[in-house]
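Note: the block below is protein.cif and it holds mmCIF, C-alpha atoms.
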```cif
data_protein
#
loop_
_atom_site.group_PDB
_atom_site.id
_atom_site.type_symbol
_atom_site.label_atom_id
_atom_site.label_comp_id
_atom_site.auth_asym_id
_atom_site.auth_seq_id
_atom_site.Cartn_x
_atom_site.Cartn_y
_atom_site.Cartn_z
ATOM 1 C CA ASP A 118 -7.975 -58.697 -55.214
ATOM 2 C CA ASP A 119 -10.677 -61.379 -55.180
ATOM 3 C CA PHE A 120 -8.312 -63.776 -53.346
ATOM 4 C CA SER A 121 -8.923 -66.623 -55.782
ATOM 5 C CA SER A 122 -5.167 -67.295 -55.641
ATOM 6 C CA PHE A 123 -1.953 -65.518 -54.734
ATOM 7 C CA ASP A 124 -1.262 -62.591 -57.090
ATOM 8 C CA GLY A 125 2.395 -61.601 -57.186
ATOM 9 C CA SER A 126 1.597 -58.460 -59.176
ATOM 10 C CA ILE A 127 -0.249 -57.112 -56.133
ATOM 11 C CA TRP A 128 1.524 -58.633 -53.127
ATOM 12 C CA GLU A 129 5.243 -58.809 -52.410
ATOM 13 C CA SER A 130 5.061 -62.375 -51.075
ATOM 14 C CA GLN A 131 2.638 -64.888 -49.601
ATOM 15 C CA CYS A 132 2.889 -65.140 -45.832
ATOM 16 C CA SER A 133 3.644 -68.533 -44.293
ATOM 17 C CA GLY A 134 0.211 -68.651 -42.667
ATOM 18 C CA CYS A 135 -1.671 -67.565 -45.805
ATOM 19 C CA SER A 136 -3.585 -70.015 -47.990
ATOM 20 C CA TYR A 137 -6.336 -69.813 -50.618
ATOM 21 C CA SER A 138 -9.490 -71.895 -50.937
ATOM 22 C CA ASP A 139 -12.970 -71.388 -52.463
ATOM 23 C CA GLY A 140 -12.272 -67.749 -53.251
ATOM 24 C CA TYR A 141 -11.083 -66.827 -49.755
ATOM 25 C CA LEU A 142 -7.747 -65.899 -48.237
ATOM 26 C CA TYR A 143 -7.214 -67.797 -44.972
ATOM 27 C CA VAL A 144 -4.694 -66.365 -42.508
ATOM 28 C CA ALA A 145 -3.609 -68.776 -39.797
ATOM 29 C CA GLY A 146 -1.482 -67.951 -36.774
ATOM 30 C CA THR A 147 -0.321 -64.767 -35.091
ATOM 31 C CA ASP A 148 1.346 -61.735 -36.670
ATOM 32 C CA MET A 149 0.622 -62.867 -40.259
ATOM 33 C CA ASP A 150 0.359 -60.368 -43.113
ATOM 34 C CA MET A 151 1.074 -59.648 -46.781
ATOM 35 C CA ARG A 152 2.423 -56.316 -48.094
ATOM 36 C CA THR A 153 1.632 -54.660 -51.415
ATOM 37 C CA ALA A 154 4.433 -54.905 -53.960
ATOM 38 C CA LEU A 155 3.981 -51.242 -54.893
ATOM 39 C CA THR A 156 3.785 -48.130 -52.764
ATOM 40 C CA MET A 157 0.706 -45.930 -53.101
ATOM 41 C CA ASP A 158 0.636 -42.150 -53.444
ATOM 42 C CA GLU A 159 -2.479 -40.201 -52.426
ATOM 43 C CA LEU A 160 -4.063 -43.303 -50.868
ATOM 44 C CA THR A 161 -7.764 -42.573 -50.342
ATOM 45 C CA ASN A 162 -9.695 -45.793 -49.677
ATOM 46 C CA ILE A 163 -9.326 -49.464 -48.815
ATOM 47 C CA GLY A 164 -12.397 -51.659 -49.085
ATOM 48 C CA GLY A 165 -12.795 -55.280 -48.157
ATOM 49 C CA GLY A 166 -14.911 -58.232 -47.238
ATOM 50 C CA LEU A 167 -14.117 -60.446 -44.262
ATOM 51 C CA VAL A 168 -15.810 -63.199 -42.281
ATOM 52 C CA LYS A 169 -15.796 -62.996 -38.488
ATOM 53 C CA ASP A 170 -16.589 -66.514 -37.291
ATOM 54 C CA ASP A 171 -14.517 -66.667 -34.109
ATOM 55 C CA ALA A 172 -14.224 -64.489 -31.014
ATOM 56 C CA CYS A 173 -10.634 -63.491 -31.798
ATOM 57 C CA SER A 174 -10.133 -63.842 -35.557
ATOM 58 C CA ASP A 175 -8.449 -60.410 -35.364
ATOM 59 C CA HIS A 176 -8.431 -59.383 -39.050
ATOM 60 C CA PHE A 177 -6.354 -56.295 -39.781
ATOM 61 C CA VAL A 178 -5.370 -53.823 -42.484
ATOM 62 C CA VAL A 179 -2.357 -51.553 -42.015
ATOM 63 C CA ILE A 180 -1.060 -48.547 -43.935
ATOM 64 C CA SER A 181 2.597 -47.799 -43.384
ATOM 65 C CA THR A 182 5.628 -46.052 -44.835
ATOM 66 C CA LEU A 183 7.669 -49.078 -43.722
ATOM 67 C CA ASP A 184 8.511 -51.908 -46.106
ATOM 68 C CA ASP A 185 9.295 -54.222 -43.185
ATOM 69 C CA PHE A 186 6.343 -53.569 -40.865
ATOM 70 C CA THR A 187 5.812 -56.213 -38.176
ATOM 71 C CA TRP A 188 2.442 -56.535 -36.467
ATOM 72 C CA SER A 189 2.122 -55.331 -32.868
ATOM 73 C CA TRP A 190 -0.812 -54.173 -30.780
ATOM 74 C CA GLY A 191 -1.063 -50.486 -29.961
ATOM 75 C CA SER A 192 0.103 -47.283 -31.603
ATOM 76 C CA THR A 193 3.395 -47.087 -33.512
ATOM 77 C CA THR A 194 5.065 -44.351 -35.536
ATOM 78 C CA ASP A 195 4.839 -44.564 -39.356
ATOM 79 C CA SER A 196 1.836 -46.941 -39.327
ATOM 80 C CA VAL A 197 -1.940 -46.815 -38.829
ATOM 81 C CA LYS A 198 -3.756 -50.072 -37.991
ATOM 82 C CA PHE A 199 -7.382 -51.012 -38.597
ATOM 83 C CA VAL A 200 -8.133 -54.180 -36.665
ATOM 84 C CA TRP A 201 -10.536 -56.335 -34.704
ATOM 85 C CA ASN A 202 -9.229 -57.037 -31.215
ATOM 86 C CA CYS A 203 -11.495 -59.988 -30.431
ATOM 87 C CA ASP A 204 -14.974 -58.406 -30.176
ATOM 88 C CA TRP A 205 -13.782 -54.800 -30.434
ATOM 89 C CA LYS A 206 -12.963 -52.849 -33.567
ATOM 90 C CA TYR A 207 -9.991 -50.460 -33.329
ATOM 91 C CA ILE A 208 -8.053 -47.819 -35.161
ATOM 92 C CA TYR A 209 -4.542 -47.557 -33.759
ATOM 93 C CA GLY A 210 -3.110 -44.272 -35.011
ATOM 94 C CA GLN A 211 0.491 -43.194 -34.681
ATOM 95 C CA SER A 212 -0.089 -41.727 -31.234
ATOM 96 C CA ASN A 213 -3.638 -42.576 -30.093
ATOM 97 C CA SER A 214 -6.535 -44.945 -30.750
ATOM 98 C CA VAL A 215 -10.315 -45.257 -30.894
ATOM 99 C CA SER A 216 -12.537 -48.334 -30.553
ATOM 100 C CA GLU A 217 -16.092 -49.673 -30.444
ATOM 101 C CA SER A 218 -17.762 -52.990 -29.657
ATOM 102 C CA CYS A 219 -18.300 -55.090 -32.797
ATOM 103 C CA SER A 220 -18.893 -58.754 -31.971
ATOM 104 C CA THR A 221 -21.464 -60.159 -34.430
ATOM 105 C CA TYR A 222 -20.426 -63.362 -36.195
ATOM 106 C CA THR A 223 -21.102 -62.558 -39.859
ATOM 107 C CA GLU A 224 -19.522 -61.345 -43.094
ATOM 108 C CA TYR A 225 -18.539 -57.687 -42.945
ATOM 109 C CA VAL A 226 -17.975 -55.200 -45.730
ATOM 110 C CA ILE A 227 -15.431 -52.643 -44.550
ATOM 111 C CA SER A 228 -14.422 -49.252 -45.925
ATOM 112 C CA ILE A 229 -11.332 -47.406 -44.741
ATOM 113 C CA ASP A 230 -11.099 -43.756 -45.818
ATOM 114 C CA ILE A 231 -7.780 -41.934 -45.667
ATOM 115 C CA SER A 232 -7.250 -38.172 -45.908
ATOM 116 C CA THR A 233 -4.299 -35.928 -45.133
ATOM 117 C CA ASP A 234 -5.428 -35.309 -41.549
ATOM 118 C CA ALA A 235 -7.778 -38.165 -40.563
ATOM 119 C CA VAL A 236 -8.742 -41.795 -41.113
ATOM 120 C CA SER A 237 -12.042 -43.631 -40.723
ATOM 121 C CA PHE A 238 -12.979 -47.296 -40.378
ATOM 122 C CA ALA A 239 -16.557 -48.161 -41.391
ATOM 123 C CA ASP A 240 -18.447 -51.425 -41.741
ATOM 124 C CA ASP A 241 -21.987 -52.418 -42.627
ATOM 125 C CA ILE A 242 -22.822 -53.827 -39.185
ATOM 126 C CA CYS A 243 -21.333 -51.763 -36.365
ATOM 127 C CA GLY A 244 -20.723 -48.239 -37.630
ATOM 128 C CA THR A 245 -17.803 -45.902 -38.226
ATOM 129 C CA LEU A 246 -14.701 -45.017 -36.228
ATOM 130 C CA THR A 247 -12.811 -41.785 -36.984
ATOM 131 C CA LEU A 248 -9.384 -40.697 -35.791
ATOM 132 C CA SER A 249 -7.200 -37.670 -36.466
ATOM 133 C CA ASP A 250 -3.894 -38.759 -38.016
ATOM 134 C CA THR A 251 -1.630 -37.241 -40.676
ATOM 135 C CA LEU A 252 -0.070 -40.435 -42.101
ATOM 136 C CA GLY A 253 -2.405 -40.151 -45.101
ATOM 137 C CA ALA A 254 -0.502 -37.037 -46.187
ATOM 138 C CA SER A 255 2.537 -39.225 -46.874
ATOM 139 C CA ASP A 256 3.351 -40.531 -50.331
ATOM 140 C CA GLY A 257 4.864 -43.981 -50.721
ATOM 141 C CA LEU A 258 2.463 -45.878 -48.451
ATOM 142 C CA TYR A 259 2.344 -49.672 -48.342
ATOM 143 C CA VAL A 260 -0.859 -51.572 -47.553
ATOM 144 C CA TYR A 261 -0.732 -54.720 -45.406
ATOM 145 C CA VAL A 262 -3.523 -57.270 -44.980
ATOM 146 C CA GLY A 263 -3.518 -60.115 -42.478
ATOM 147 C CA ALA A 264 -4.646 -61.311 -39.070
ATOM 148 C CA ASP A 265 -3.450 -62.111 -35.574
ATOM 149 C CA HIS A 266 -5.668 -65.144 -34.969
ATOM 150 C CA ASP A 267 -5.180 -66.727 -31.553
ATOM 151 C CA SER A 268 -6.269 -70.192 -32.714
ATOM 152 C CA GLY A 269 -7.446 -70.979 -36.223
ATOM 153 C CA SER A 270 -7.723 -69.067 -39.479
ATOM 154 C CA ALA A 271 -9.112 -65.625 -40.221
ATOM 155 C CA LYS A 272 -11.056 -65.421 -43.475
ATOM 156 C CA TRP A 273 -10.797 -62.622 -46.068
ATOM 157 C CA ASP A 274 -13.124 -62.487 -49.099
ATOM 158 C CA TRP A 275 -11.707 -59.542 -51.080
ATOM 159 C CA LEU A 276 -9.736 -56.313 -50.812
ATOM 160 C CA SER A 277 -9.664 -53.159 -52.952
ATOM 161 C CA ILE A 278 -7.277 -50.205 -52.885
ATOM 162 C CA THR A 279 -7.893 -46.754 -54.354
ATOM 163 C CA SER A 280 -5.127 -44.186 -54.681
ATOM 164 C CA GLY A 281 -4.002 -41.290 -56.841
ATOM 165 C CA SER A 282 -1.148 -43.316 -58.301
ATOM 166 C CA SER A 283 1.113 -46.258 -57.768
ATOM 167 C CA SER A 284 4.818 -46.404 -58.514
ATOM 168 C CA SER A 285 7.227 -49.063 -59.651
ATOM 169 C CA SER A 286 10.946 -48.935 -60.432
ATOM 170 C CA ASN A 287 10.618 -51.470 -63.256
ATOM 171 C CA CYS A 288 7.459 -51.583 -65.317
ATOM 172 C CA GLY A 289 8.919 -53.652 -68.156
ATOM 173 C CA SER A 290 9.063 -53.314 -71.934
ATOM 174 C CA TYR A 291 6.229 -53.923 -74.385
ATOM 175 C CA SER A 292 5.766 -53.595 -78.139
ATOM 176 C CA TYR A 293 2.923 -52.213 -80.232
ATOM 177 C CA SER A 294 2.186 -52.025 -83.959
ATOM 178 C CA HIS A 295 -0.266 -49.632 -85.571
ATOM 179 C CA SER A 296 -1.461 -49.567 -89.184
ATOM 180 C CA TYR A 297 -2.655 -46.159 -90.316
ATOM 181 C CA GLY A 298 -2.785 -46.101 -94.130
ATOM 182 C CA TYR A 299 0.816 -45.256 -94.853
ATOM 183 C CA GLY A 300 2.162 -48.478 -93.392
ATOM 184 C CA THR A 301 2.653 -50.018 -89.980
ATOM 185 C CA VAL A 302 4.421 -48.220 -87.156
ATOM 186 C CA ALA A 303 6.132 -50.600 -84.738
ATOM 187 C CA ILE A 304 6.458 -49.179 -81.238
ATOM 188 C CA SER A 305 8.589 -50.625 -78.461
ATOM 189 C CA PHE A 306 7.976 -48.765 -75.241
ATOM 190 C CA ASP A 307 9.950 -49.118 -72.033
ATOM 191 C CA LEU A 308 7.523 -48.139 -69.289
ATOM 192 C CA GLY A 309 10.375 -47.533 -66.868
ATOM 193 C CA THR A 310 11.440 -44.348 -68.697
ATOM 194 C CA GLU A 311 9.814 -41.556 -70.656
ATOM 195 C CA ASN A 312 10.310 -41.735 -74.417
ATOM 196 C CA ASP A 313 8.658 -40.530 -77.615
ATOM 197 C CA TYR A 314 6.712 -42.889 -79.848
ATOM 198 C CA THR A 315 5.052 -42.529 -83.210
ATOM 199 C CA SER A 316 1.365 -43.234 -83.774
ATOM 200 C CA THR A 317 -1.768 -41.597 -85.092
ATOM 201 C CA ASP A 318 -3.988 -42.832 -82.313
ATOM 202 C CA GLU A 319 -3.469 -42.229 -78.610
ATOM 203 C CA SER A 320 -6.517 -44.338 -77.703
ATOM 204 C CA SER A 321 -5.014 -47.328 -79.538
ATOM 205 C CA ILE A 322 -1.830 -47.028 -77.475
ATOM 206 C CA THR A 323 -3.890 -46.671 -74.302
ATOM 207 C CA SER A 324 -5.975 -49.728 -75.180
ATOM 208 C CA THR A 325 -2.905 -51.783 -76.093
ATOM 209 C CA MET A 326 -1.119 -50.787 -72.885
ATOM 210 C CA ALA A 327 -4.214 -51.718 -70.910
ATOM 211 C CA ASP A 328 -4.517 -55.112 -72.581
ATOM 212 C CA THR A 329 -0.812 -55.853 -72.167
ATOM 213 C CA LEU A 330 -0.752 -54.886 -68.513
ATOM 214 C CA GLY A 331 -4.091 -56.493 -67.668
ATOM 215 C CA LEU A 332 -5.726 -53.149 -66.875
ATOM 216 C CA SER A 333 -8.881 -51.407 -67.920
ATOM 217 C CA THR A 334 -8.321 -48.284 -70.022
ATOM 218 C CA SER A 335 -9.576 -46.142 -67.120
ATOM 219 C CA ASN A 336 -6.561 -47.329 -65.116
ATOM 220 C CA ILE A 337 -4.039 -45.858 -67.555
ATOM 221 C CA GLY A 338 -3.190 -42.577 -65.931
ATOM 222 C CA SER A 339 -0.032 -40.560 -66.469
ATOM 223 C CA MET A 340 0.170 -40.876 -70.230
ATOM 224 C CA SER A 341 1.558 -37.458 -71.032
ATOM 225 C CA VAL A 342 0.665 -36.660 -74.640
ATOM 226 C CA SER A 343 2.742 -34.334 -76.787
ATOM 227 C CA SER A 344 0.963 -34.037 -80.136
ATOM 228 C CA SER A 345 3.442 -32.750 -82.715
ATOM 229 C CA ALA A 346 3.718 -33.962 -86.308
ATOM 230 C CA VAL A 347 6.937 -35.863 -87.009
ATOM 231 C CA ALA A 348 6.557 -36.554 -90.736
ATOM 232 C CA THR A 349 4.974 -34.520 -93.521
ATOM 233 C CA SER A 350 4.387 -37.598 -95.717
ATOM 234 C CA SER A 351 2.128 -39.310 -93.190
ATOM 235 C CA SER A 352 -0.387 -38.419 -90.526
ATOM 236 C CA SER A 353 1.740 -39.624 -87.632
ATOM 237 C CA TYR A 354 2.279 -37.945 -84.295
ATOM 238 C CA THR A 355 4.667 -38.143 -81.377
ATOM 239 C CA TRP A 356 3.323 -39.316 -78.029
ATOM 240 C CA SER A 357 5.188 -39.213 -74.730
ATOM 241 C CA VAL A 358 4.437 -42.206 -72.484
ATOM 242 C CA SER A 359 5.552 -42.484 -68.870
ATOM 243 C CA CYS A 360 5.542 -45.320 -66.368
ATOM 244 C CA GLU A 361 3.069 -44.030 -63.807
ATOM 245 C CA ILE A 362 -0.303 -45.817 -63.759
ATOM 246 C CA THR A 363 -3.360 -44.421 -62.012
ATOM 247 C CA ALA A 364 -4.999 -46.807 -59.547
ATOM 248 C CA SER A 365 -8.642 -45.919 -59.945
ATOM 249 C CA GLY A 366 -10.024 -49.367 -59.162
ATOM 250 C CA ASP A 367 -9.134 -52.236 -56.895
ATOM 251 C CA ALA A 368 -5.660 -53.557 -56.229
ATOM 252 C CA ALA A 369 -6.151 -56.402 -58.692
ATOM 253 C CA SER A 370 -5.887 -53.776 -61.423
ATOM 254 C CA LEU A 371 -2.405 -52.720 -60.409
#
```

Output the file's structure as structure tokens, nothing else.
Amino acid sequence: DDFSSFDGSIWESQCSGCSYSDGYLYVAGTDMDMRTALTMDELTNIGGGLVKDDACSDHFVVISTLDDFTWSWGSTTDSVKFVWNCDWKYIYGQSNSVSESCSTYTEYVISIDISTDAVSFADDICGTLTLSDTLGASDGLYVYVGADHDSGSAKWDWLSITSGSSSSSNCGSYSYSHSYGYGTVAISFDLGTENDYTSTDESSITSTMADTLGLSTSNIGSMSVSSSAVATSSSSYTWSVSCEITASGDAASL
């Protein structure tokens, strides 16, 4: 997300202290955050850009299995927090924490790596924190972004999320037409279920799905193809399309 404006396809709702200006997300007040609309399976990385221009801007990113997470300082079950506590950078795991001094007023590029047994919190100024934690082994993780600013607004420039897949209970219905020499095949696909569709060209379906959903073709993931001829009088084939979309880029692609 480049934070040019609120994107409801990425975030569940805009927090009361969140506003957008000049390509930045400003988060004013304490305990303010936004949650991803989708859960993430096999979450591997969160990247971001933020501006620290106050002693206690207190930017944070949280991964959690909870859909109603509320910010608090310290370790809590079912959540891992990556945060500035004034001039110190912290990882609060589910049962312990690690920290380092990080007080320079500047723009930071952060990278949060998540594995099944550990997490790390790196930036381009202060270094890398690492903590053992198994939350990354969980599927269905939400990502939260926000701040706990004591007085003023914390400033976010961008955020990216990389995971094995994202899930949604309602992906919507779209239509597609393909001309292949014997006529035009009209395809209406409901991305919430798995159905068979007729076409001669899987890449055309992939491209059309990508265009319709605002994705790049590399983001179309679980398109399970079953190539069996369905008519002897034409060169058409049956393709099986499912709802799951691979998140191989930033969250704006979801």

For the provided coordinates, the residues matched by the PyMOL selection byres ((chain A and resi 267) around 8) should be stated as a PDB file with C-alpha atoms, keeping the file's coordinate frame.
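Just written: result-v4.pdb:
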```
ATOM      1  CA  GLY A 146      -1.482 -67.951 -36.774  1.00  0.00           C
ATOM      2  CA  THR A 147      -0.321 -64.767 -35.091  1.00  0.00           C
ATOM      3  CA  CYS A 173     -10.634 -63.491 -31.798  1.00  0.00           C
ATOM      4  CA  SER A 174     -10.133 -63.842 -35.557  1.00  0.00           C
ATOM      5  CA  ASP A 265      -3.450 -62.111 -35.574  1.00  0.00           C
ATOM      6  CA  HIS A 266      -5.668 -65.144 -34.969  1.00  0.00           C
ATOM      7  CA  SER A 268      -6.269 -70.192 -32.714  1.00  0.00           C
ATOM      8  CA  GLY A 269      -7.446 -70.979 -36.223  1.00  0.00           C
TER       9      GLY A 269
END
```

Check: Restricting the calculation to all atoms listed in the file, which member of A:Asp139, A:Asp185, A:Asp124, A:Glu159 is positioned closest to Ile231 in chain A?
Finding: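 Smallest distance to Ile231 in chain A is found for A:Glu159.
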
Next item on the list: Take the PyMOL selection byres ((chain A and resi 244) around 12), apply it to the structure above, and return the hits as a PyMOL selection string.
Entry: chain A and resi 205-207+216-219+225-229+237-243+245-247

Within-7 Å shell of (-3.9, -42.1, -32.8) in input frame, all atoms listed in the file, as a CSV table (one decimal) with C-alpha atoms, in the frame of the given file:
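Here's the written file part_2.csv:
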```
chain,number,residue,atom,x,y,z
A,192,SER,CA,0.1,-47.3,-31.6
A,209,TYR,CA,-4.5,-47.6,-33.8
A,210,GLY,CA,-3.1,-44.3,-35.0
A,211,GLN,CA,0.5,-43.2,-34.7
A,212,SER,CA,-0.1,-41.7,-31.2
A,213,ASN,CA,-3.6,-42.6,-30.1
A,214,SER,CA,-6.5,-44.9,-30.8
A,248,LEU,CA,-9.4,-40.7,-35.8
A,249,SER,CA,-7.2,-37.7,-36.5
A,250,ASP,CA,-3.9,-38.8,-38.0
```

Note to self: Quick check on the file I pasted: which residues fall under the PyMOL selection byres ((chain A and resi 143) around 7)? Write them as a list in words.
What the structure shows: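 Taken on the displayed file, the PyMOL selection byres ((chain A and resi 143) around 7) yields the residues Cys135, Ser136, Tyr137, Tyr141, Leu142, Val144, Ala145, Ser270, Ala271, Lys272 and Trp273 of chain A.
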
Item checked: Å distance separating CA of Ile278 in chain A from CA of Trp190 in chain A, one decimal place -> 23.4 Å

Check: Pick the closest to Ser138 in chain A from A:Asp230, A:Asp195, A:Asp175, A:Asp274: which is it, counting all atoms listed in the file?
Finding: A:Asp274

Margin query: Would you compute the distance between CA of Ser121 in chain A and CA of Phe199 in chain A? Give it in Å to one decimal.
Written below: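 Computing it gives 23.3 Å between the two atoms.
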
Item checked: Coordinates-based distance that separates CA of Asp148 in chain A from CA of Ser181 in chain A (Å, one decimal) ->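 The value is 15.5 Å.
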
Exercise: residues within 6 Å of coordinate (-14.9, -62.2, -31.1), counting all atoms listed in the file, as a PDB file with C-alpha atoms, in the frame of the given file:
```
ATOM      1  CA  ASP A 171     -14.517 -66.667 -34.109  1.00  0.00           C
ATOM      2  CA  ALA A 172     -14.224 -64.489 -31.014  1.00  0.00           C
ATOM      3  CA  CYS A 173     -10.634 -63.491 -31.798  1.00  0.00           C
ATOM      4  CA  CYS A 203     -11.495 -59.988 -30.431  1.00  0.00           C
ATOM      5  CA  ASP A 204     -14.974 -58.406 -30.176  1.00  0.00           C
ATOM      6  CA  SER A 220     -18.893 -58.754 -31.971  1.00  0.00           C
TER       7      SER A 220
END
```

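Nearest-residue note for Lys198 in chain A: choosing from A:Ala154, A:Leu160, A:Val262, A:Val168, the minimum distance belongs to A:Val262, counting all atoms listed in the file.
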